[in-house]
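Read through the structure below, which is laid out as structure tokens, and then see the notes.
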Amino acid sequence: MTQIEFYSVADIKTEGEPDSPLPSKLPYNHLCEVIKRAYRKGQKVFIHTDNRRLAERIDELLWSNDSKSFLPHHLAGEDTESVPPIEIGFGQEPSVRPDVLVNLGQDVPLFFSHFQWVFEYAYGDEESKEKARSRFRFYRERGYPLNHRQIQS
Amino acid sequence: MKITQNQVDEILGDHGPLAENNPNFKARPEQQEMARAINKAIQNSDNLLVEAGTGVGKTFAYLVPAVLSERQIVVSTGTKNLQDQLFKRDLPAVLKMLGKSPLIAQLKGRNNYLCEYRLENTLAAGRLPDPKAVKHLNLVNNWREKTLTGDLAELSPLPEDSAVIPFVTSTTDNCLGQDCPFIEKCFLAAARERARKAKILVVNHHLLLADLVLKEDGFGELLPDTDVFVVDEAHHLVKTAYQFYGDSVSSRQITELCRELELEYRTQVTDCRDLMLDAQRLAKEVKEFRLALPEYDVKEDWKPDSKLLDATQELYHKVNRLFDVVKVNSNRTKVLESCFERIVSIKNALTYFLGTQMSSSGNEDRLLGRINWYETMKSGFRLHSTPIDVDNLFQNSRSRYANSSWIMTSATLSVNKSFDHYIEALGWGDIATLELASCFDYPEQSLFYVPRYLPAAGNRNRSAELIERLYPMIEKAGGRTFVLFTSHRALKEGAEKLKQLEGFNLLVQGEASKQALLDKFLRTKNSVLLATGSFWEGVDVSGDDLILVIIDKLPFAPPDDPVLNAKIRRARKNGENPFMSLQIPDAVLSLKQGVGRLIRSVKDRGVVCVCDPRLVTRHYGEIFINSLPEMRRTRDEQLVAEFLADIIAPIDVSKNIPQEEKA
């Protein structure tokens with residue numbers, strides 16, 4: 001059964017007004033570590049996003065990452081001859097073998113249960129966080145094993 | 001002379017003679033480290049492999065310790081350009097700076113020197129291919145009394161590729177050697193004599209190999225008892241070695257021989273009609289043989305069917321008949337004597353292609369470790385027999401100078417921080433290595449851009465699509481762009497597309513000589529140069545004139561190279577992965593060269609755009625990335641546009657503001 005790893009990203013505390021923190025951002029470093037760890041174990045990773053802009057940001061992140069940890073990846077459809085171990089989709093079905101799914105979409109994609117692991121982040125404004133909460137409930141109600149951790153962005 | 005490491009350091013330091021002579025000079029730790037390492041190797045008669053990234057100043061780093069040592073030095077280069085630059089500019093500068101004045105000399109291949117005998121013959125009876133060549137012949141004829149060296153490079157109005165050159169220079173085939181009536185005035189002989197006496201001699205790789213194996217005719221050993229060999233552009237030596245240790249015979253060689261024999265019959269040995277008849281028969285057979293080969297241009301393994309084998313035997317048979325006739329007459333004239341030697345070598349080379357039928361393993365004669373193959377041109381052909389490995393051959397050739405110090409240097413020797421690929425290719429075994437990164441601040445000065453959603457590799461019109469796609473970026477750069485292609489076909493297609501789209505001063509390889517194109521590129525604003533092959537290397541455009549280098553594909557060797565294919569088959573048989581052990585290292589070295597065109601000085605900035613997603617998507621992308629300078633990587637079109645705009649801004653401002661406002 002698919003194991004769900006859920007990360008809640010703490011809001012950013014501002015010095016002047018500790019009571020009104022800024023909404024958190026997607027924790028790129030953490031995300032990169034998750035992908036790197038999976039890749040090094042020989043696992044295939046699919047990163048699901050809702051839009052091309054975010055997909056391209058992830059692509060840029062993986063490509064400009066320091067040279068000691070090269071991460072072969074593509075935007076879905078780029079390499080038609082052989083699919084790299086890391087794929088970034090913006091609405092497409094994954095074409096990699098389903099080991100690790102990183103869901104950066106607002107909803108749970110239908111294909112999530114084909115994967116062994118799913119990584120989720122709750123971050124951003126109240127609306128995004130509400131979406132994340134409903135994803136969390138979705139997994140819990142269906143009885144998927146869930147780990148929930150707080151992280152800093 | 002014993003030279004300490006401190007001495008070398010000081011000369012290349014901030015207060016040394018180099019700094020005194022050049023106010024812009026700044027001491028570079030990399031250059032000093034390289035010079036120290038070379039000094040140590042020279043002093044201890046050791047060998048050393050040095051890769052020095054761009055901007056290290058490797059020429060001075062080896063010239064200083066070499067000159068100071070006061071030993072017998074040979075410097076070898078891969079290209080004529082560097083050879084001329086070394087001899088005319090860098091070496092004199094270093095000598096002046098160090099206050100030394102040893103005898104120096106430069107020696108090139110024989111096809112660079114005017115041959116008075118050939119010139120006389122051509123003037124008297126020459127049939128030149130075109131009117132241009134006739135004009136060039138007059139140029140040469142007017143210059144012959146003025147030149148002291150006979151080096152055709154001095155005659156600048158004469159294009160490098162002029163059709164007249166083969167008619168006014170000699171080949172080992174047609175040189176009469178000591179028997180030549182013009183031997184007293186022979187420029188080549190004079191250059192060789194100077195070379196023999198020189199303390200520091202500048203040659204190229206081909207000559208270096210020729211002398212190592214004493215293959216040259218008539219003149220004997222060239223290189224004196226050399227203590228130190230400095231091989232610059234050392235990555236070229238492998239390719240030169242393959243050419244050198246291979247045998248080949250071409251239709252042109254045979255036809256030319258037949259033509260000369262016929263002429264000799266008509267003018268000198270008029271009683272020997274067989275000479276003419278057999279020469280004509282052979283010339284005709286050459287044409288027949290061409291028909292037995294594929295019509296179009298190919299390079300292929302020699303796997304003859306029975307028809308081709310018959311044709312080969314017929315060709316060999318005709319060569320043999322002519323051989324017999326020339327042999328009996330060879331002592332009658334000097335021309336016949338030299339023709340006899342030539343027909344012997346043609347006959348010998350042909351035997352590689354007869355023997356094949358007896359070898360059970362197809363086309364590879366395993367005992368000899370050679371691969372036999374052929375290439376066809378429109379109306380001609382060339383048969384090659386090439387060794388699969390040159391490491392032992394090279395090391396055997398070098399054995400005479402095994403006790404000398406060998407310094408091999410280049411900007412492109414290592415792959416993924418390892419020299420193994422190069423060491424194995426030339427059989428260097430246990431050799432000290434040094435890798436020095438570029439002196440430029442690549443992360444600051446450059447972007448390494450791999451565009452997204454590129455047309456797939458197999459697309460028919462990929463080059464045209466690429467040009468269309470990248471057009472806005474070239475526009476943003478305001479021209480100032482090199483587009484380097486991996487094939488002539490891609491180049492042609494890309495050039496046609498860019499011509500259609502208009503908007504730039506378009507310069508296309510082949511439309512003028514390399515130097516003329518580069519001059520135009522520098523002179524004309526908004527220039528885009530499209531090229532392949534030789535433009536990947538040794539082109540040095542610094543400053544704002546070049547801020548964008550586009551490369552169409554990872555430069556993997558074309559799949560039709562029979563020698564590479566033979567190596568691949570062997571690697572597979574040995575259970576290796578030839579892609580990793582052969583193809584990737586070669587492609588890495590080529591890409592390093594191509595990328596190296598962009599940043600040529602500490603002030604240069606620019607973008608390298610490689611249109612190959614495999615750099616990002618395949619695991620071996622890592623090997624390429626680790627082998628290239630540490631550029632900032634991006635796939636973001638917007639970021640590239642901003643980076644280019646940032647470079648352009650000050651250039652445009654300085655051009656638009658009137659002088660008084662600027663002050």
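Starting from 1 in every chain, residues are counted up; chains themselves are A, B, ... following the order of the structure tokens, and ligands are numbered from 1 as listed.
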
Would you pick out the contacts of segment 42-59 of chain A at 6 Å or less, using only C-alpha atoms, so that residues sharing its chain but fewer than 4 positions from it are not included, and give the list as a ChimeraX atom specification?
/A:38,85-91,99-105

With only C-alpha atoms counted and 10 Å as the cut-off, give the residues of chain A in contact with chain B, each with its shortest interatomic distance in Å and the pair that gives it, as JSON lines.
```
{"residue": "A:Glu56", "atom": "CA", "partner": "B:Asp636", "partner_atom": "CA", "distance": 8.1}
{"residue": "A:Arg57", "atom": "CA", "partner": "B:Asp636", "partner_atom": "CA", "distance": 8.7}
{"residue": "A:Asp59", "atom": "CA", "partner": "B:Arg635", "partner_atom": "CA", "distance": 7.8}
{"residue": "A:Glu60", "atom": "CA", "partner": "B:Arg635", "partner_atom": "CA", "distance": 5.9}
{"residue": "A:Leu61", "atom": "CA", "partner": "B:Thr634", "partner_atom": "CA", "distance": 8.8}
{"residue": "A:Leu62", "atom": "CA", "partner": "B:Val616", "partner_atom": "CA", "distance": 9.1}
{"residue": "A:Trp63", "atom": "CA", "partner": "B:Arg633", "partner_atom": "CA", "distance": 6.7}
{"residue": "A:Ser64", "atom": "CA", "partner": "B:Arg633", "partner_atom": "CA", "distance": 4.9}
{"residue": "A:Asn65", "atom": "CA", "partner": "B:Arg633", "partner_atom": "CA", "distance": 8.3}
{"residue": "A:Asp66", "atom": "CA", "partner": "B:Arg633", "partner_atom": "CA", "distance": 9.2}
{"residue": "A:Ser67", "atom": "CA", "partner": "B:Asn626", "partner_atom": "CA", "distance": 6.8}
{"residue": "A:Lys68", "atom": "CA", "partner": "B:Asn626", "partner_atom": "CA", "distance": 8.3}
{"residue": "A:Ser69", "atom": "CA", "partner": "B:Glu622", "partner_atom": "CA", "distance": 8.6}
{"residue": "A:Phe70", "atom": "CA", "partner": "B:Glu622", "partner_atom": "CA", "distance": 5.7}
{"residue": "A:Leu71", "atom": "CA", "partner": "B:His619", "partner_atom": "CA", "distance": 7.7}
{"residue": "A:Pro72", "atom": "CA", "partner": "B:Thr617", "partner_atom": "CA", "distance": 4.5}
{"residue": "A:His73", "atom": "CA", "partner": "B:Thr617", "partner_atom": "CA", "distance": 4.7}
{"residue": "A:His74", "atom": "CA", "partner": "B:Thr617", "partner_atom": "CA", "distance": 5.5}
{"residue": "A:Leu75", "atom": "CA", "partner": "B:Arg452", "partner_atom": "CA", "distance": 8.2}
{"residue": "A:Ala76", "atom": "CA", "partner": "B:Tyr453", "partner_atom": "CA", "distance": 9.6}
{"residue": "A:Gly77", "atom": "CA", "partner": "B:Tyr453", "partner_atom": "CA", "distance": 8.2}
{"residue": "A:Glu78", "atom": "CA", "partner": "B:Tyr453", "partner_atom": "CA", "distance": 5.8}
{"residue": "A:Asp79", "atom": "CA", "partner": "B:Thr617", "partner_atom": "CA", "distance": 7.0}
{"residue": "A:Thr80", "atom": "CA", "partner": "B:Ala456", "partner_atom": "CA", "distance": 7.7}
{"residue": "A:Glu81", "atom": "CA", "partner": "B:Ala456", "partner_atom": "CA", "distance": 9.1}
{"residue": "A:Ser82", "atom": "CA", "partner": "B:Arg618", "partner_atom": "CA", "distance": 8.3}
{"residue": "A:Val83", "atom": "CA", "partner": "B:Thr617", "partner_atom": "CA", "distance": 7.7}
{"residue": "A:Pro84", "atom": "CA", "partner": "B:Thr617", "partner_atom": "CA", "distance": 5.4}
{"residue": "A:Pro85", "atom": "CA", "partner": "B:Thr617", "partner_atom": "CA", "distance": 8.3}
{"residue": "A:Ile86", "atom": "CA", "partner": "B:Thr617", "partner_atom": "CA", "distance": 8.3}
{"residue": "A:Glu87", "atom": "CA", "partner": "B:Thr617", "partner_atom": "CA", "distance": 9.2}
```

Strand (DSSP E or B) residues, from DSSP on the backbone, in segment 31-75 of chain A, as a list of chain:residue names
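The strand (DSSP E or B) residues within segment 31-75 of chain A come out as A:Val45, A:Phe46, A:Ile47, A:His48, A:His73, A:His74, A:Leu75.
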
Can you tell me, as an MDAnalysis selection string, what residues are no more than 12 Å from Ala27 of chain B when counting only C-alpha atoms, ignoring any on the same chain fewer than 4 positions away?
chainID B and resid 8:20 22:23 31:33 55:57 60:61 439

Next, write the just-selected residues to a file, as an mmCIF file, in the first residue's frame, keeping N, CA, C and O atoms as the atom set.
```cif
data_model
loop_
_atom_site.group_PDB
_atom_site.id
_atom_site.type_symbol
_atom_site.label_atom_id
_atom_site.label_comp_id
_atom_site.auth_asym_id
_atom_site.auth_seq_id
_atom_site.Cartn_x
_atom_site.Cartn_y
_atom_site.Cartn_z
ATOM 1 N N VAL B 8 61.314 30.402 -11.894
ATOM 2 C CA VAL B 8 60.179 30.312 -12.807
ATOM 3 C C VAL B 8 59.013 31.141 -12.288
ATOM 4 O O VAL B 8 58.387 31.916 -13.014
ATOM 5 N N ASP B 9 58.748 30.993 -10.986
ATOM 6 C CA ASP B 9 57.655 31.735 -10.364
ATOM 7 C C ASP B 9 57.821 33.234 -10.538
ATOM 8 O O ASP B 9 56.877 33.952 -10.848
ATOM 9 N N GLU B 10 59.061 33.683 -10.316
ATOM 10 C CA GLU B 10 59.307 35.130 -10.362
ATOM 11 C C GLU B 10 59.120 35.682 -11.774
ATOM 12 O O GLU B 10 58.565 36.759 -11.959
ATOM 13 N N ILE B 11 59.597 34.935 -12.746
ATOM 14 C CA ILE B 11 59.478 35.422 -14.124
ATOM 15 C C ILE B 11 58.010 35.606 -14.511
ATOM 16 O O ILE B 11 57.649 36.551 -15.194
ATOM 17 N N LEU B 12 57.167 34.681 -14.041
ATOM 18 C CA LEU B 12 55.745 34.773 -14.371
ATOM 19 C C LEU B 12 54.968 35.505 -13.278
ATOM 20 O O LEU B 12 53.732 35.506 -13.266
ATOM 21 N N GLY B 13 55.681 36.134 -12.357
ATOM 22 C CA GLY B 13 55.032 36.816 -11.234
ATOM 23 C C GLY B 13 54.689 38.260 -11.544
ATOM 24 O O GLY B 13 54.950 38.757 -12.648
ATOM 25 N N ASP B 14 54.126 38.923 -10.546
ATOM 26 C CA ASP B 14 53.649 40.294 -10.725
ATOM 27 C C ASP B 14 54.762 41.301 -10.973
ATOM 28 O O ASP B 14 54.510 42.405 -11.444
ATOM 29 N N HIS B 15 55.999 40.929 -10.613
ATOM 30 C CA HIS B 15 57.093 41.884 -10.806
ATOM 31 C C HIS B 15 58.162 41.335 -11.744
ATOM 32 O O HIS B 15 59.269 41.851 -11.794
ATOM 33 N N GLY B 16 57.814 40.296 -12.462
ATOM 34 C CA GLY B 16 58.779 39.692 -13.376
ATOM 35 C C GLY B 16 58.869 40.459 -14.686
ATOM 36 O O GLY B 16 58.158 41.443 -14.894
ATOM 37 N N PRO B 17 59.726 39.992 -15.567
ATOM 38 C CA PRO B 17 59.901 40.647 -16.868
ATOM 39 C C PRO B 17 58.618 40.653 -17.711
ATOM 40 O O PRO B 17 58.416 41.559 -18.514
ATOM 41 N N LEU B 18 57.774 39.668 -17.506
ATOM 42 C CA LEU B 18 56.528 39.627 -18.253
ATOM 43 C C LEU B 18 55.643 40.807 -17.883
ATOM 44 O O LEU B 18 55.074 41.475 -18.734
ATOM 45 N N ALA B 19 55.564 41.054 -16.576
ATOM 46 C CA ALA B 19 54.760 42.172 -16.090
ATOM 47 C C ALA B 19 55.367 43.494 -16.550
ATOM 48 O O ALA B 19 54.657 44.437 -16.898
ATOM 49 N N GLU B 20 56.705 43.562 -16.567
ATOM 50 C CA GLU B 20 57.376 44.795 -16.999
ATOM 51 C C GLU B 20 57.050 45.124 -18.444
ATOM 52 O O GLU B 20 56.886 46.280 -18.809
ATOM 53 N N ASN B 22 54.426 44.177 -20.178
ATOM 54 C CA ASN B 22 53.011 44.266 -20.507
ATOM 55 C C ASN B 22 52.232 44.785 -19.302
ATOM 56 O O ASN B 22 52.059 44.071 -18.317
ATOM 57 N N PRO B 23 51.758 46.029 -19.373
ATOM 58 C CA PRO B 23 51.075 46.632 -18.225
ATOM 59 C C PRO B 23 49.790 45.892 -17.840
ATOM 60 O O PRO B 23 49.363 45.976 -16.688
ATOM 61 N N GLN B 31 49.129 29.557 -14.086
ATOM 62 C CA GLN B 31 50.241 29.607 -15.038
ATOM 63 C C GLN B 31 51.557 29.282 -14.330
ATOM 64 O O GLN B 31 52.389 28.540 -14.848
ATOM 65 N N GLN B 32 51.705 29.838 -13.140
ATOM 66 C CA GLN B 32 52.941 29.579 -12.394
ATOM 67 C C GLN B 32 53.054 28.103 -12.009
ATOM 68 O O GLN B 32 54.120 27.514 -12.103
ATOM 69 N N GLU B 33 51.914 27.529 -11.604
ATOM 70 C CA GLU B 33 51.932 26.113 -11.225
ATOM 71 C C GLU B 33 52.315 25.245 -12.427
ATOM 72 O O GLU B 33 53.108 24.307 -12.311
ATOM 73 N N GLY B 55 42.745 30.668 -20.766
ATOM 74 C CA GLY B 55 43.220 31.825 -20.019
ATOM 75 C C GLY B 55 44.402 31.558 -19.107
ATOM 76 O O GLY B 55 44.920 32.462 -18.461
ATOM 77 N N VAL B 56 44.850 30.300 -19.031
ATOM 78 C CA VAL B 56 45.989 29.990 -18.166
ATOM 79 C C VAL B 56 47.278 30.577 -18.762
ATOM 80 O O VAL B 56 48.182 30.992 -18.043
ATOM 81 N N GLY B 57 47.323 30.665 -20.064
ATOM 82 C CA GLY B 57 48.544 31.152 -20.713
ATOM 83 C C GLY B 57 49.558 30.042 -20.808
ATOM 84 O O GLY B 57 50.691 30.147 -20.355
ATOM 85 N N PHE B 60 53.275 30.476 -22.690
ATOM 86 C CA PHE B 60 54.368 31.034 -21.893
ATOM 87 C C PHE B 60 54.768 30.094 -20.763
ATOM 88 O O PHE B 60 55.927 30.020 -20.397
ATOM 89 N N ALA B 61 53.774 29.366 -20.236
ATOM 90 C CA ALA B 61 54.062 28.461 -19.114
ATOM 91 C C ALA B 61 55.024 27.356 -19.521
ATOM 92 O O ALA B 61 55.776 26.849 -18.693
ATOM 93 N N CYS B 439 41.382 30.190 -15.906
ATOM 94 C CA CYS B 439 41.581 31.363 -15.045
ATOM 95 C C CYS B 439 40.378 32.279 -15.074
ATOM 96 O O CYS B 439 40.356 33.296 -14.396
#
```

So the first atom is atom CA of Thr59 of chain B and the second is atom CA of Glu30 of chain B; what is the distance between them in Å, to one decimal place?
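Computing it gives 12.6 Å between the two atoms.
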
Sel. of helix (DSSP H, G or I) residues, chain A, as an MDAnalysis selection string
chainID A and resid 28:40 52:64 67:69 110:114 126:141

Near Val549 of chain B, within 9 Å and counting only C-alpha atoms, which residues show up once chain neighbours fewer than 3 positions away are dropped, as a ChimeraX atom specification?
/B:480-484,546,594-595,597-598,606-610

12 Å contact set for Met580 of chain B, only C-alpha atoms, chain neighbours under 3 positions out, as JSON, numbers by chain:
{"B": [415, 416, 421, 556, 568, 571, 572, 576, 577, 583, 584, 585, 586, 587, 588, 619, 620, 621, 623, 624]}

Give me, as a list in words, all polymer residues having an atom no more than 10 Å from Thr2 of chain A, counting only C-alpha atoms and skipping those fewer than 6 positions away in the same chain.
Asp99, Val100, Phe112, Ser113, His114, Phe115, Gln116, Trp117, Val118, Tyr139, Gly143, Tyr144, Pro145 and Leu146 of chain A
